[in-house]
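**Q** To be precise about what I am sending: the file is called my_file01.pdb and holds PDB, C-alpha atoms.
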MODEL        1
ATOM      1  CA  MET A 168     -14.177  -9.509 -29.516
ATOM      2  CA  SER A 169     -13.920  -6.058 -27.883
ATOM      3  CA  PRO A 170     -14.190  -3.020 -30.142
ATOM      4  CA  ASP A 171     -11.175  -0.854 -30.879
ATOM      5  CA  PRO A 172     -10.285   0.899 -27.568
ATOM      6  CA  ALA A 173      -9.854   4.174 -29.447
ATOM      7  CA  ALA A 174     -13.547   3.990 -30.352
ATOM      8  CA  ARG A 175     -14.506   3.632 -26.666
ATOM      9  CA  PRO A 176     -13.112   6.613 -24.761
ATOM     10  CA  HIS A 177     -12.833   6.067 -20.985
ATOM     11  CA  VAL A 178     -13.904   2.417 -21.376
ATOM     12  CA  PHE A 179     -11.637  -0.583 -20.762
ATOM     13  CA  ASP A 180     -11.849  -4.326 -20.189
ATOM     14  CA  ALA A 181     -10.922  -5.197 -16.591
ATOM     15  CA  THR A 182      -9.178  -8.493 -15.846
ATOM     16  CA  THR A 183      -8.134 -10.266 -12.663
ATOM     17  CA  ALA A 184      -4.527  -9.256 -13.317
ATOM     18  CA  THR A 185      -5.288  -5.570 -13.859
ATOM     19  CA  PHE A 186      -8.296  -5.055 -11.570
ATOM     20  CA  GLU A 187      -6.446  -3.625  -8.566
ATOM     21  CA  ALA A 188      -4.429  -1.109 -10.604
ATOM     22  CA  GLU A 189      -7.039  -0.141 -13.202
ATOM     23  CA  VAL A 190     -10.146  -0.140 -10.996
ATOM     24  CA  LEU A 191      -9.363   0.107  -7.283
ATOM     25  CA  GLN A 192      -6.315   2.365  -7.493
ATOM     26  CA  LYS A 193      -7.799   4.426 -10.319
ATOM     27  CA  SER A 194     -10.941   4.975  -8.229
ATOM     28  CA  LEU A 195      -8.838   6.885  -5.676
ATOM     29  CA  GLN A 196      -8.618   9.623  -8.317
ATOM     30  CA  THR A 197     -11.664   9.080 -10.552
ATOM     31  CA  PRO A 198     -14.938   7.173  -9.943
ATOM     32  CA  VAL A 199     -15.063   3.851 -11.797
ATOM     33  CA  LEU A 200     -18.291   2.249 -12.965
ATOM     34  CA  VAL A 201     -17.855  -1.558 -13.132
ATOM     35  CA  ASP A 202     -20.186  -3.289 -15.602
ATOM     36  CA  PHE A 203     -20.529  -7.079 -15.174
ATOM     37  CA  TRP A 204     -21.773  -8.575 -18.426
ATOM     38  CA  ALA A 205     -21.576 -11.652 -20.705
ATOM     39  CA  GLU A 206     -21.915 -12.254 -24.421
ATOM     40  CA  TRP A 207     -25.039 -14.428 -23.978
ATOM     41  CA  CYS A 208     -26.853 -11.818 -21.833
ATOM     42  CA  GLY A 209     -29.580  -9.957 -23.766
ATOM     43  CA  PRO A 210     -30.136  -7.113 -21.247
ATOM     44  CA  CYS A 211     -26.352  -6.586 -21.142
ATOM     45  CA  LYS A 212     -26.441  -5.758 -24.851
ATOM     46  CA  ALA A 213     -29.048  -3.082 -24.126
ATOM     47  CA  LEU A 214     -27.235  -1.537 -21.157
ATOM     48  CA  GLY A 215     -23.651  -1.752 -22.449
ATOM     49  CA  PRO A 216     -23.999   0.804 -25.260
ATOM     50  CA  ILE A 217     -25.737   3.253 -22.885
ATOM     51  CA  LEU A 218     -22.865   3.045 -20.384
ATOM     52  CA  GLU A 219     -20.246   3.432 -23.113
ATOM     53  CA  LYS A 220     -22.081   6.418 -24.599
ATOM     54  CA  LEU A 221     -22.200   8.137 -21.193
ATOM     55  CA  ALA A 222     -18.525   7.365 -20.523
ATOM     56  CA  ALA A 223     -17.614   9.204 -23.733
ATOM     57  CA  GLU A 224     -20.069  12.040 -23.066
ATOM     58  CA  TYR A 225     -18.813  12.609 -19.500
ATOM     59  CA  HIS A 226     -15.228  13.137 -20.791
ATOM     60  CA  GLY A 227     -13.446  11.290 -17.992
ATOM     61  CA  ALA A 228     -15.695  12.271 -15.061
ATOM     62  CA  PHE A 229     -15.859   8.501 -14.567
ATOM     63  CA  GLU A 230     -14.183   5.466 -16.122
ATOM     64  CA  LEU A 231     -16.134   2.419 -17.283
ATOM     65  CA  ALA A 232     -14.610  -0.979 -16.479
ATOM     66  CA  LYS A 233     -16.187  -3.880 -18.403
ATOM     67  CA  VAL A 234     -15.952  -7.292 -16.705
ATOM     68  CA  ASP A 235     -16.872 -10.322 -18.827
ATOM     69  CA  THR A 236     -18.125 -12.756 -16.161
ATOM     70  CA  GLU A 237     -17.376 -15.730 -18.406
ATOM     71  CA  ALA A 238     -13.745 -14.689 -18.929
ATOM     72  CA  GLU A 239     -13.198 -13.312 -15.393
ATOM     73  CA  PRO A 240     -15.157 -15.535 -12.963
ATOM     74  CA  GLN A 241     -12.812 -14.646 -10.063
ATOM     75  CA  ILE A 242     -13.843 -10.988 -10.148
ATOM     76  CA  ALA A 243     -17.522 -11.922 -10.410
ATOM     77  CA  GLN A 244     -17.089 -14.237  -7.405
ATOM     78  CA  ALA A 245     -15.335 -11.538  -5.366
ATOM     79  CA  PHE A 246     -18.240  -9.139  -6.010
ATOM     80  CA  GLN A 247     -20.822 -11.908  -5.339
ATOM     81  CA  ILE A 248     -22.520 -11.396  -8.690
ATOM     82  CA  ARG A 249     -25.833 -13.285  -8.780
ATOM     83  CA  SER A 250     -27.303 -11.907 -12.001
ATOM     84  CA  ILE A 251     -26.216  -9.729 -14.904
ATOM     85  CA  PRO A 252     -26.056  -7.029 -15.905
ATOM     86  CA  THR A 253     -24.904  -5.730 -12.529
ATOM     87  CA  VAL A 254     -23.172  -2.367 -12.197
ATOM     88  CA  PHE A 255     -21.182  -1.071  -9.226
ATOM     89  CA  LEU A 256     -19.787   2.415  -8.611
ATOM     90  CA  VAL A 257     -16.329   2.323  -6.997
ATOM     91  CA  LYS A 258     -14.889   5.464  -5.346
ATOM     92  CA  ASP A 259     -11.818   5.768  -3.105
ATOM     93  CA  GLY A 260     -11.176   2.031  -3.462
ATOM     94  CA  GLN A 261     -14.625   0.973  -2.205
ATOM     95  CA  ILE A 262     -18.067   0.124  -3.611
ATOM     96  CA  VAL A 263     -20.443   2.996  -2.831
ATOM     97  CA  ASP A 264     -23.574   1.854  -4.711
ATOM     98  CA  GLY A 265     -24.827  -0.226  -7.607
ATOM     99  CA  PHE A 266     -27.811  -1.459  -9.581
ATOM    100  CA  GLN A 267     -28.996  -4.562 -11.437
ATOM    101  CA  GLY A 268     -30.716  -4.870 -14.773
ATOM    102  CA  ALA A 269     -30.770  -2.783 -17.939
ATOM    103  CA  LEU A 270     -31.832   0.650 -16.704
ATOM    104  CA  PRO A 271     -32.839   3.260 -19.290
ATOM    105  CA  GLU A 272     -30.375   6.048 -20.009
ATOM    106  CA  GLY A 273     -32.263   8.615 -17.923
ATOM    107  CA  GLN A 274     -32.089   6.468 -14.792
ATOM    108  CA  VAL A 275     -28.366   5.811 -15.282
ATOM    109  CA  ARG A 276     -27.828   9.565 -15.517
ATOM    110  CA  GLU A 277     -29.827  10.026 -12.294
ATOM    111  CA  PHE A 278     -27.684   7.350 -10.610
ATOM    112  CA  LEU A 279     -24.490   9.191 -11.592
ATOM    113  CA  THR A 280     -25.872  12.580 -10.574
ATOM    114  CA  HIS A 281     -26.917  11.194  -7.179
ATOM    115  CA  HIS A 282     -23.263  10.313  -6.540
ATOM    116  CA  GLY A 283     -21.886  13.649  -7.688
ATOM    117  CA  VAL A 284     -20.667  12.451 -11.098
ATOM    118  CA  ALA A 285     -21.311  15.197 -13.666
ATOM    119  CA  PRO A 286     -20.037  15.597 -17.235
ATOM    120  CA  ALA A 287     -16.602  17.187 -17.448
ATOM    121  CA  GLU A 288     -15.453  19.626 -20.103
ATOM    122  CA  ALA A 289     -13.589  17.911 -22.937
ATOM    123  CA  ALA A 290     -10.797  20.489 -22.800
ATOM    124  CA  ALA A 291     -10.128  19.757 -19.129
ATOM    125  CA  GLU A 292      -8.125  16.675 -20.078
ATOM    126  CA  GLU A 293      -5.905  18.630 -22.443
ATOM    127  CA  ALA A 294      -5.133  21.550 -20.135
ATOM    128  CA  PRO A 295      -4.592  20.389 -16.537
ATOM    129  CA  LEU A 296      -4.048  23.132 -14.000
ATOM    130  CA  GLU A 297      -0.405  23.697 -13.164
ATOM    131  CA  GLN A 298       0.498  23.452  -9.484
ATOM    132  CA  PRO A 299       2.734  26.283  -8.231
ATOM    133  CA  ALA A 300       6.111  25.326  -6.852
ATOM    134  CA  PRO A 301       6.379  25.717  -3.072
ATOM    135  CA  PRO A 302       8.255  28.844  -2.018
ATOM    136  CA  ALA A 303      11.891  28.385  -1.031
ATOM    137  CA  ASP A 304      11.495  30.789   1.920
ATOM    138  CA  PRO A 305       7.883  31.012   3.160
ATOM    139  CA  HIS A 306       8.705  33.803   5.637
ATOM    140  CA  ALA A 307      10.058  35.975   2.831
ATOM    141  CA  ASP A 308       7.041  35.049   0.739
ATOM    142  CA  VAL A 309       4.699  36.191   3.548
ATOM    143  CA  MET A 310       6.399  39.592   3.672
ATOM    144  CA  ARG A 311       6.275  39.962  -0.119
ATOM    145  CA  LEU A 312       2.587  39.025  -0.282
ATOM    146  CA  ARG A 313       1.625  41.405   2.545
ATOM    147  CA  LYS A 314       3.126  44.275   0.527
ATOM    148  CA  GLU A 315       1.325  43.180  -2.635
ATOM    149  CA  ILE A 316      -1.996  42.985  -0.745
ATOM    150  CA  GLU A 317      -1.433  46.510   0.605
ATOM    151  CA  ALA A 318      -1.118  47.682  -2.995
ATOM    152  CA  GLU A 319      -4.074  45.575  -4.257
ATOM    153  CA  PRO A 320      -6.343  44.879  -1.240
ATOM    154  CA  ASP A 321      -9.233  43.603  -3.374
ATOM    155  CA  LYS A 322      -7.207  40.923  -5.174
ATOM    156  CA  ALA A 323      -8.464  37.708  -3.531
ATOM    157  CA  GLU A 324      -5.899  35.498  -5.278
ATOM    158  CA  LEU A 325      -3.135  37.202  -3.301
ATOM    159  CA  LYS A 326      -4.934  36.395  -0.038
ATOM    160  CA  LEU A 327      -5.053  32.717  -0.990
ATOM    161  CA  ASP A 328      -1.332  32.860  -1.756
ATOM    162  CA  LEU A 329      -0.747  34.485   1.634
ATOM    163  CA  ALA A 330      -2.786  31.805   3.433
ATOM    164  CA  LEU A 331      -0.641  29.105   1.827
ATOM    165  CA  ALA A 332       2.568  30.898   2.800
ATOM    166  CA  LEU A 333       1.351  31.427   6.371
ATOM    167  CA  LEU A 334       0.624  27.717   6.723
ATOM    168  CA  GLN A 335       4.217  27.036   5.706
ATOM    169  CA  THR A 336       5.338  29.189   8.639
ATOM    170  CA  GLY A 337       2.910  27.655  11.161
ATOM    171  CA  ALA A 338       0.603  30.696  11.414
ATOM    172  CA  ALA A 339      -2.541  28.560  11.220
ATOM    173  CA  ALA A 340      -4.973  30.997  12.873
ATOM    174  CA  GLU A 341      -4.384  33.852  10.413
ATOM    175  CA  ALA A 342      -4.332  31.423   7.492
ATOM    176  CA  GLY A 343      -7.722  30.074   8.580
ATOM    177  CA  GLN A 344      -9.221  33.579   8.716
ATOM    178  CA  LEU A 345      -7.989  34.292   5.189
ATOM    179  CA  LEU A 346      -9.378  30.999   3.861
ATOM    180  CA  ASP A 347     -12.771  31.620   5.492
ATOM    181  CA  ALA A 348     -12.952  35.036   3.802
ATOM    182  CA  LEU A 349     -12.237  33.742   0.279
ATOM    183  CA  PRO A 350     -14.957  34.311  -2.352
ATOM    184  CA  ALA A 351     -16.872  31.260  -3.567
ATOM    185  CA  ASN A 352     -14.960  30.983  -6.838
ATOM    186  CA  LEU A 353     -11.669  30.588  -4.958
ATOM    187  CA  SER A 354     -12.871  28.462  -2.040
ATOM    188  CA  THR A 355     -13.040  25.400  -4.332
ATOM    189  CA  ASP A 356      -9.660  26.083  -5.959
ATOM    190  CA  ASP A 357      -7.266  23.112  -5.738
ATOM    191  CA  ARG A 358      -4.844  25.207  -3.718
ATOM    192  CA  ALA A 359      -7.591  26.257  -1.278
ATOM    193  CA  ILE A 360      -8.592  22.621  -0.791
ATOM    194  CA  ARG A 361      -4.939  21.735  -0.124
ATOM    195  CA  ALA A 362      -4.649  24.649   2.306
ATOM    196  CA  ARG A 363      -7.769  23.605   4.222
ATOM    197  CA  ALA A 364      -6.449  20.055   4.540
ATOM    198  CA  ARG A 365      -3.138  21.415   5.849
ATOM    199  CA  LEU A 366      -5.011  23.750   8.213
ATOM    200  CA  GLY A 367      -7.064  20.830   9.476
ATOM    201  CA  PHE A 368      -3.906  18.989  10.469
ATOM    202  CA  ALA A 369      -2.453  22.070  12.166
ATOM    203  CA  THR A 370      -5.703  22.628  14.123
ATOM    204  CA  LEU A 371      -5.625  19.064  15.482
ATOM    205  CA  LEU A 372      -2.331  19.819  17.213
ATOM    206  CA  LYS A 373      -3.639  22.840  19.146
ATOM    207  CA  ASP A 374      -3.959  20.925  22.451
ATOM    208  CA  ALA A 375      -2.173  17.731  21.413
ATOM    209  CA  PRO A 376       0.603  16.153  23.513
ATOM    210  CA  PRO A 377       4.138  16.408  22.081
ATOM    211  CA  PRO A 378       5.441  13.556  19.887
ATOM    212  CA  GLN A 379       7.531  12.026  22.714
ATOM    213  CA  VAL A 380       4.433  11.579  24.906
ATOM    214  CA  LEU A 381       2.480  10.021  22.022
ATOM    215  CA  GLU A 382       5.356   7.663  21.187
ATOM    216  CA  ALA A 383       5.429   6.497  24.809
ATOM    217  CA  ALA A 384       1.658   5.928  24.748
ATOM    218  CA  ILE A 385       1.947   3.810  21.595
ATOM    219  CA  ALA A 386       4.853   1.816  23.052
ATOM    220  CA  ALA A 387       2.679   1.022  26.084
ATOM    221  CA  ASN A 388      -0.386   0.227  23.955
ATOM    222  CA  PRO A 389       0.106  -0.315  20.203
ATOM    223  CA  ASP A 390      -3.694  -0.191  19.768
ATOM    224  CA  ASP A 391      -3.892   3.396  21.043
ATOM    225  CA  LEU A 392      -5.112   4.662  17.673
ATOM    226  CA  LYS A 393      -5.859   8.181  18.937
ATOM    227  CA  ALA A 394      -2.191   8.542  19.884
ATOM    228  CA  ARG A 395      -1.146   7.102  16.517
ATOM    229  CA  HIS A 396      -3.369   9.596  14.735
ATOM    230  CA  LEU A 397      -1.940  12.609  16.576
ATOM    231  CA  LEU A 398       1.622  11.345  16.123
ATOM    232  CA  GLY A 399       0.976  10.959  12.392
ATOM    233  CA  VAL A 400      -0.380  14.523  12.289
ATOM    234  CA  HIS A 401       2.754  15.782  14.083
ATOM    235  CA  HIS A 402       4.887  14.093  11.412
ATOM    236  CA  ILE A 403       2.838  15.522   8.518
ATOM    237  CA  VAL A 404       2.947  19.074   9.923
ATOM    238  CA  ALA A 405       6.691  18.761  10.608
ATOM    239  CA  GLY A 406       7.299  17.724   6.999
ATOM    240  CA  ASP A 407       8.056  14.035   7.646
ATOM    241  CA  ALA A 408       5.303  12.769   5.360
ATOM    242  CA  GLU A 409       6.450   9.156   5.200
ATOM    243  CA  ALA A 410       6.436   8.761   9.006
ATOM    244  CA  GLY A 411       2.938  10.287   9.068
ATOM    245  CA  PHE A 412       1.685   7.943   6.345
ATOM    246  CA  GLU A 413       3.066   4.952   8.255
ATOM    247  CA  GLN A 414       1.127   5.860  11.410
ATOM    248  CA  PHE A 415      -2.134   6.318   9.470
ATOM    249  CA  LEU A 416      -1.519   3.068   7.572
ATOM    250  CA  GLU A 417      -0.955   1.187  10.846
ATOM    251  CA  MET A 418      -4.268   2.606  12.110
ATOM    252  CA  LEU A 419      -5.945   1.208   8.997
ATOM    253  CA  ARG A 420      -4.358  -2.206   9.580
ATOM    254  CA  ARG A 421      -5.515  -2.339  13.195
ATOM    255  CA  ASN A 422      -9.056  -0.926  12.874
ATOM    256  CA  ARG A 423     -10.264   0.633   9.637
ATOM    257  CA  ASP A 424     -13.586   1.639  11.273
ATOM    258  CA  PHE A 425     -12.009   3.577  14.166
ATOM    259  CA  GLU A 426     -13.935   6.823  14.775
ATOM    260  CA  ASP A 427     -16.011   6.675  11.571
ATOM    261  CA  ALA A 428     -13.196   5.458   9.278
ATOM    262  CA  LEU A 429     -10.702   8.043  10.561
ATOM    263  CA  PRO A 430      -7.637   6.038   9.345
ATOM    264  CA  LYS A 431      -8.775   6.218   5.720
ATOM    265  CA  LYS A 432      -9.857   9.853   6.062
ATOM    266  CA  ALA A 433      -6.498  10.799   7.590
ATOM    267  CA  LEU A 434      -4.646   9.162   4.703
ATOM    268  CA  ILE A 435      -6.790  10.861   2.059
ATOM    269  CA  ASP A 436      -6.374  14.259   3.766
ATOM    270  CA  ALA A 437      -2.618  13.693   3.933
ATOM    271  CA  PHE A 438      -2.547  12.815   0.220
ATOM    272  CA  ARG A 439      -3.989  16.290  -0.447
ATOM    273  CA  VAL A 440      -1.293  17.954   1.650
ATOM    274  CA  VAL A 441       1.855  16.106   0.552
ATOM    275  CA  GLU A 442       3.286  17.256  -2.765
ATOM    276  CA  ASP A 443       5.643  14.310  -3.390
ATOM    277  CA  GLU A 444       3.562  12.555  -6.066
ATOM    278  CA  ASP A 445       5.692   9.389  -6.090
ATOM    279  CA  MET A 446       5.350   8.958  -2.335
ATOM    280  CA  VAL A 447       1.620   9.677  -2.431
ATOM    281  CA  GLY A 448       1.165   7.141  -5.234
ATOM    282  CA  ARG A 449       3.084   4.510  -3.270
ATOM    283  CA  TYR A 450       0.955   4.981  -0.158
ATOM    284  CA  ARG A 451      -2.278   5.136  -2.170
ATOM    285  CA  ARG A 452      -1.423   1.645  -3.433
ATOM    286  CA  LYS A 453      -0.713   0.433   0.115
ATOM    287  CA  MET A 454      -4.018   1.863   1.332
ATOM    288  CA  SER A 455      -5.878   0.243  -1.563
ATOM    289  CA  SER A 456      -4.326  -3.160  -0.783
ATOM    290  CA  LEU A 457      -5.379  -2.946   2.875
ATOM    291  CA  LEU A 458      -8.937  -1.945   1.968
ATOM    292  CA  LEU A 459      -9.220  -5.096  -0.162
ATOM    293  CA  VAL A 460      -8.432  -7.402   2.773
TER     294      VAL A 460
ENDMDL
END
Go ahead and express the file in the form of structure tokens.
**A**
Amino acid sequence: MSPDPAARPHVFDATTATFEAEVLQKSLQTPVLVDFWAEWCGPCKALGPILEKLAAEYHGAFELAKVDTEAEPQIAQAFQIRSIPTVFLVKDGQIVDGFQGALPEGQVREFLTHHGVAPAEAAAEEAPLEQPAPPADPHADVMRLRKEIEAEPDKAELKLDLALALLQTGAAAEAGQLLDALPANLSTDDRAIRARARLGFATLLKDAPPPQVLEAAIAANPDDLKARHLLGVHHIVAGDAEAGFEQFLEMLRRNRDFEDALPKKALIDAFRVVEDEDMVGRYRRKMSSLLLV
């Protein structure tokens, strides 16, 4: 019988019914370590407590999914489990690495560190950063921010705000210069990451054909994935996020490996740009389902 879930923070039992939602979809936001084990397995009893201890210590930097191979043979079959314990790291809906056997705690820590998983602060869960509401009139916001920067030219936060407002107006070149000049502590800010993703889309359209030309190219050849990509970018930049998502999703259906997994990358970049959380969640689930095929 599994211990009280409250006593195992960031640890849960994965089942066939919940695997897609609790492992694959969750991994789009947070890395998930999947531990395949069984009650009769001696090494599993040595490794399990180490993994659960680290899950609690890392405060949500990763989630630990426990899969009992006796109770959930379908999942074990899907992952081609030959021996236990076997552990896989799942990120962005895909397996990125794994190991077999009961590694000591130090080696498990090294495995996590190698994949960029570091302990998070406990308080981070209780105080998520608030996202600012988008300005109602970005042009007016640009004018206001320019005046504020004149008064406080050394205040870098205002320059980030201005870059975001400029992107709303289509002034990608100036926004890019401001983002490049940000100090290190602001360059990794959530808003800066969002701005760079938005800037990346705008830059792709510099020499791109207009949407009508791309639509004609796709009508003539539905497998013209370059045209689909640029048309999706046009839609995202124009504010029609759903139409953009649909083009990227169709790319994924037709050839997920196109230009070094560009369809998946385009979707993930678009998820960073679009602020409609319900829509993003819906298309994350669609992407996850396609990646499982």
**Q** Step by step, work through what the PyMOL selection byres ((chain A and resi 338-355) around 9) selects in the shown file, and finish by giving those residues as a ChimeraX atom specification.
**A** /A:323-324,326-327,329-337,356-360,362-363,365-366,369-370
**Q** Keeping only C-alpha atoms, write those residues as an mmCIF file, in the coordinates of the input.
**A**
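Result file follows (part04.cif):
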data_model
loop_
_atom_site.group_PDB
_atom_site.id
_atom_site.type_symbol
_atom_site.label_atom_id
_atom_site.label_comp_id
_atom_site.auth_asym_id
_atom_site.auth_seq_id
_atom_site.Cartn_x
_atom_site.Cartn_y
_atom_site.Cartn_z
ATOM 1 C CA ALA A 323 -8.464 37.708 -3.531
ATOM 2 C CA GLU A 324 -5.899 35.498 -5.278
ATOM 3 C CA LYS A 326 -4.934 36.395 -0.038
ATOM 4 C CA LEU A 327 -5.053 32.717 -0.990
ATOM 5 C CA LEU A 329 -0.747 34.485 1.634
ATOM 6 C CA ALA A 330 -2.786 31.805 3.433
ATOM 7 C CA LEU A 331 -0.641 29.105 1.827
ATOM 8 C CA ALA A 332 2.568 30.898 2.800
ATOM 9 C CA LEU A 333 1.351 31.427 6.371
ATOM 10 C CA LEU A 334 0.624 27.717 6.723
ATOM 11 C CA GLN A 335 4.217 27.036 5.706
ATOM 12 C CA THR A 336 5.338 29.189 8.639
ATOM 13 C CA GLY A 337 2.910 27.655 11.161
ATOM 14 C CA ASP A 356 -9.660 26.083 -5.959
ATOM 15 C CA ASP A 357 -7.266 23.112 -5.738
ATOM 16 C CA ARG A 358 -4.844 25.207 -3.718
ATOM 17 C CA ALA A 359 -7.591 26.257 -1.278
ATOM 18 C CA ILE A 360 -8.592 22.621 -0.791
ATOM 19 C CA ALA A 362 -4.649 24.649 2.306
ATOM 20 C CA ARG A 363 -7.769 23.605 4.222
ATOM 21 C CA ARG A 365 -3.138 21.415 5.849
ATOM 22 C CA LEU A 366 -5.011 23.750 8.213
ATOM 23 C CA ALA A 369 -2.453 22.070 12.166
ATOM 24 C CA THR A 370 -5.703 22.628 14.123
#
**Q** Find the residue from A:Gly260, A:Gly268, A:Pro240, A:Pro378 that sits nearest to Ile435 of chain A; use all atoms listed in the file when measuring.
**A** A:Gly260
**Q** Mind telling me what the PyMOL selection byres ((chain A and resi 239) around 10) catches here, as a list in words?
**A** Ala181, Thr182, Thr183, Ala184, Phe203, Val234, Asp235, Thr236, Glu237, Ala238, Pro240, Gln241, Ile242, Ala243 and Gln244 of chain A
**Q** Once the PyMOL selection byres ((chain A and resi 216-229) around 9) is applied to the coordinates I shared, what remains selected? I want it as an MDAnalysis selection string.
**A** chainID A and resid 175:178 194 197:200 202 211:215 230:231 271:272 275:276 284:292
**Q** Mind dumping the selected residues with C-alpha atoms as a short mmCIF file (atom, residue, chain, number, x, y, z; two decimals), in the coordinates of the input?
**A**
data_model
loop_
_atom_site.label_atom_id
_atom_site.label_comp_id
_atom_site.auth_asym_id
_atom_site.auth_seq_id
_atom_site.Cartn_x
_atom_site.Cartn_y
_atom_site.Cartn_z
CA ARG A 175 -14.51 3.63 -26.67
CA PRO A 176 -13.11 6.61 -24.76
CA HIS A 177 -12.83 6.07 -20.98
CA VAL A 178 -13.90 2.42 -21.38
CA SER A 194 -10.94 4.97 -8.23
CA THR A 197 -11.66 9.08 -10.55
CA PRO A 198 -14.94 7.17 -9.94
CA VAL A 199 -15.06 3.85 -11.80
CA LEU A 200 -18.29 2.25 -12.96
CA ASP A 202 -20.19 -3.29 -15.60
CA CYS A 211 -26.35 -6.59 -21.14
CA LYS A 212 -26.44 -5.76 -24.85
CA ALA A 213 -29.05 -3.08 -24.13
CA LEU A 214 -27.24 -1.54 -21.16
CA GLY A 215 -23.65 -1.75 -22.45
CA GLU A 230 -14.18 5.47 -16.12
CA LEU A 231 -16.13 2.42 -17.28
CA PRO A 271 -32.84 3.26 -19.29
CA GLU A 272 -30.38 6.05 -20.01
CA VAL A 275 -28.37 5.81 -15.28
CA ARG A 276 -27.83 9.56 -15.52
CA VAL A 284 -20.67 12.45 -11.10
CA ALA A 285 -21.31 15.20 -13.67
CA PRO A 286 -20.04 15.60 -17.24
CA ALA A 287 -16.60 17.19 -17.45
CA GLU A 288 -15.45 19.63 -20.10
CA ALA A 289 -13.59 17.91 -22.94
CA ALA A 290 -10.80 20.49 -22.80
CA ALA A 291 -10.13 19.76 -19.13
CA GLU A 292 -8.12 16.68 -20.08
#
**Q** Which residue out of A:Asp259, A:Asp436, A:Glu189, A:Asp445 has the minimum interatomic distance to Phe368 of chain A when all atoms listed in the file are used?
**A**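 Once distances to Phe368 of chain A are computed over all atoms listed in the file, the minimum belongs to A:Asp436.
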**Q** Distance atom CA of Gln261 of chain A-atom CA of Leu459 of chain A, one decimal place?
**A**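 Interatomic distance, atom CA of Gln261 of chain A to atom CA of Leu459 of chain A: 8.4 Å.
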**Q** Could you tell me how far atom CA of Val263 of chain A sits from atom CA of Glu409 of chain A, in Å to one decimal place?
**A**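 Separation between atom CA of Glu409 of chain A and atom CA of Val263 of chain A: 28.7 Å.
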**Q** Looking at A:Trp204, A:Val257, A:Ala437, A:Ala408, which one is nearest to Lys233 of chain A, with distances taken over all atoms listed in the file?
**A**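 Among the listed residues, the smallest separation from Lys233 of chain A belongs to A:Trp204.
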**Q** Counting all atoms listed in the file, which residue out of A:Val447, A:Glu413, A:Arg361, A:Phe425 sits closest to Asp390 of chain A?
**A**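 Checking each of A:Val447, A:Glu413, A:Arg361, A:Phe425 against Asp390 of chain A, counting all atoms listed in the file, the winner is A:Phe425.
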**Q** Measuring between only C-alpha atoms, which one of A:Ile251, A:Met446, A:Leu434, A:Leu256 shows the shortest distance to Ala232 of chain A?
**A**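 Nearest candidate to Ala232 of chain A out of A:Ile251, A:Met446, A:Leu434, A:Leu256: A:Leu256.
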**Q** Identify which of the residues A:Ala269, A:Met454, A:Cys208, A:Leu371 lies closest to Leu195 of chain A, counting only C-alpha atoms when measuring atom-to-atom distances.
**A** A:Met454
**Q** Starting from the incomplete input, reconstruct N, CA, C and O atoms of segment 182-190 of chain A and report them as a PDB file, keeping the file's coordinate frame.
**A**
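See part_38.pdb below for the written result:
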ATOM      1  N   THR A 182      -9.509  -7.082 -16.048  1.00  0.00           N
ATOM      2  CA  THR A 182      -9.178  -8.493 -15.846  1.00  0.00           C
ATOM      3  C   THR A 182      -8.715  -8.699 -14.405  1.00  0.00           C
ATOM      4  O   THR A 182      -8.447  -7.736 -13.679  1.00  0.00           O
ATOM      5  N   THR A 183      -8.608  -9.963 -14.015  1.00  0.00           N
ATOM      6  CA  THR A 183      -8.134 -10.266 -12.663  1.00  0.00           C
ATOM      7  C   THR A 183      -6.749  -9.670 -12.444  1.00  0.00           C
ATOM      8  O   THR A 183      -6.454  -9.121 -11.379  1.00  0.00           O
ATOM      9  N   ALA A 184      -5.902  -9.739 -13.454  1.00  0.00           N
ATOM     10  CA  ALA A 184      -4.527  -9.256 -13.317  1.00  0.00           C
ATOM     11  C   ALA A 184      -4.445  -7.743 -13.190  1.00  0.00           C
ATOM     12  O   ALA A 184      -3.550  -7.213 -12.539  1.00  0.00           O
ATOM     13  N   THR A 185      -5.386  -7.036 -13.826  1.00  0.00           N
ATOM     14  CA  THR A 185      -5.288  -5.570 -13.859  1.00  0.00           C
ATOM     15  C   THR A 185      -6.302  -4.884 -12.944  1.00  0.00           C
ATOM     16  O   THR A 185      -6.281  -3.662 -12.832  1.00  0.00           O
ATOM     17  N   PHE A 186      -7.168  -5.657 -12.285  1.00  0.00           N
ATOM     18  CA  PHE A 186      -8.296  -5.055 -11.570  1.00  0.00           C
ATOM     19  C   PHE A 186      -7.848  -4.089 -10.473  1.00  0.00           C
ATOM     20  O   PHE A 186      -8.379  -2.992 -10.348  1.00  0.00           O
ATOM     21  N   GLU A 187      -6.865  -4.488  -9.682  1.00  0.00           N
ATOM     22  CA  GLU A 187      -6.446  -3.625  -8.566  1.00  0.00           C
ATOM     23  C   GLU A 187      -5.918  -2.288  -9.087  1.00  0.00           C
ATOM     24  O   GLU A 187      -6.298  -1.217  -8.603  1.00  0.00           O
ATOM     25  N   ALA A 188      -5.040  -2.347 -10.106  1.00  0.00           N
ATOM     26  CA  ALA A 188      -4.429  -1.109 -10.604  1.00  0.00           C
ATOM     27  C   ALA A 188      -5.422  -0.268 -11.388  1.00  0.00           C
ATOM     28  O   ALA A 188      -5.502   0.955 -11.204  1.00  0.00           O
ATOM     29  N   GLU A 189      -6.209  -0.905 -12.276  1.00  0.00           N
ATOM     30  CA  GLU A 189      -7.039  -0.141 -13.202  1.00  0.00           C
ATOM     31  C   GLU A 189      -8.409   0.229 -12.629  1.00  0.00           C
ATOM     32  O   GLU A 189      -9.048   1.144 -13.149  1.00  0.00           O
ATOM     33  N   VAL A 190      -8.845  -0.464 -11.583  1.00  0.00           N
ATOM     34  CA  VAL A 190     -10.146  -0.140 -10.996  1.00  0.00           C
ATOM     35  C   VAL A 190      -9.979   0.448  -9.602  1.00  0.00           C
ATOM     36  O   VAL A 190     -10.306   1.611  -9.354  1.00  0.00           O
TER      37      VAL A 190
END
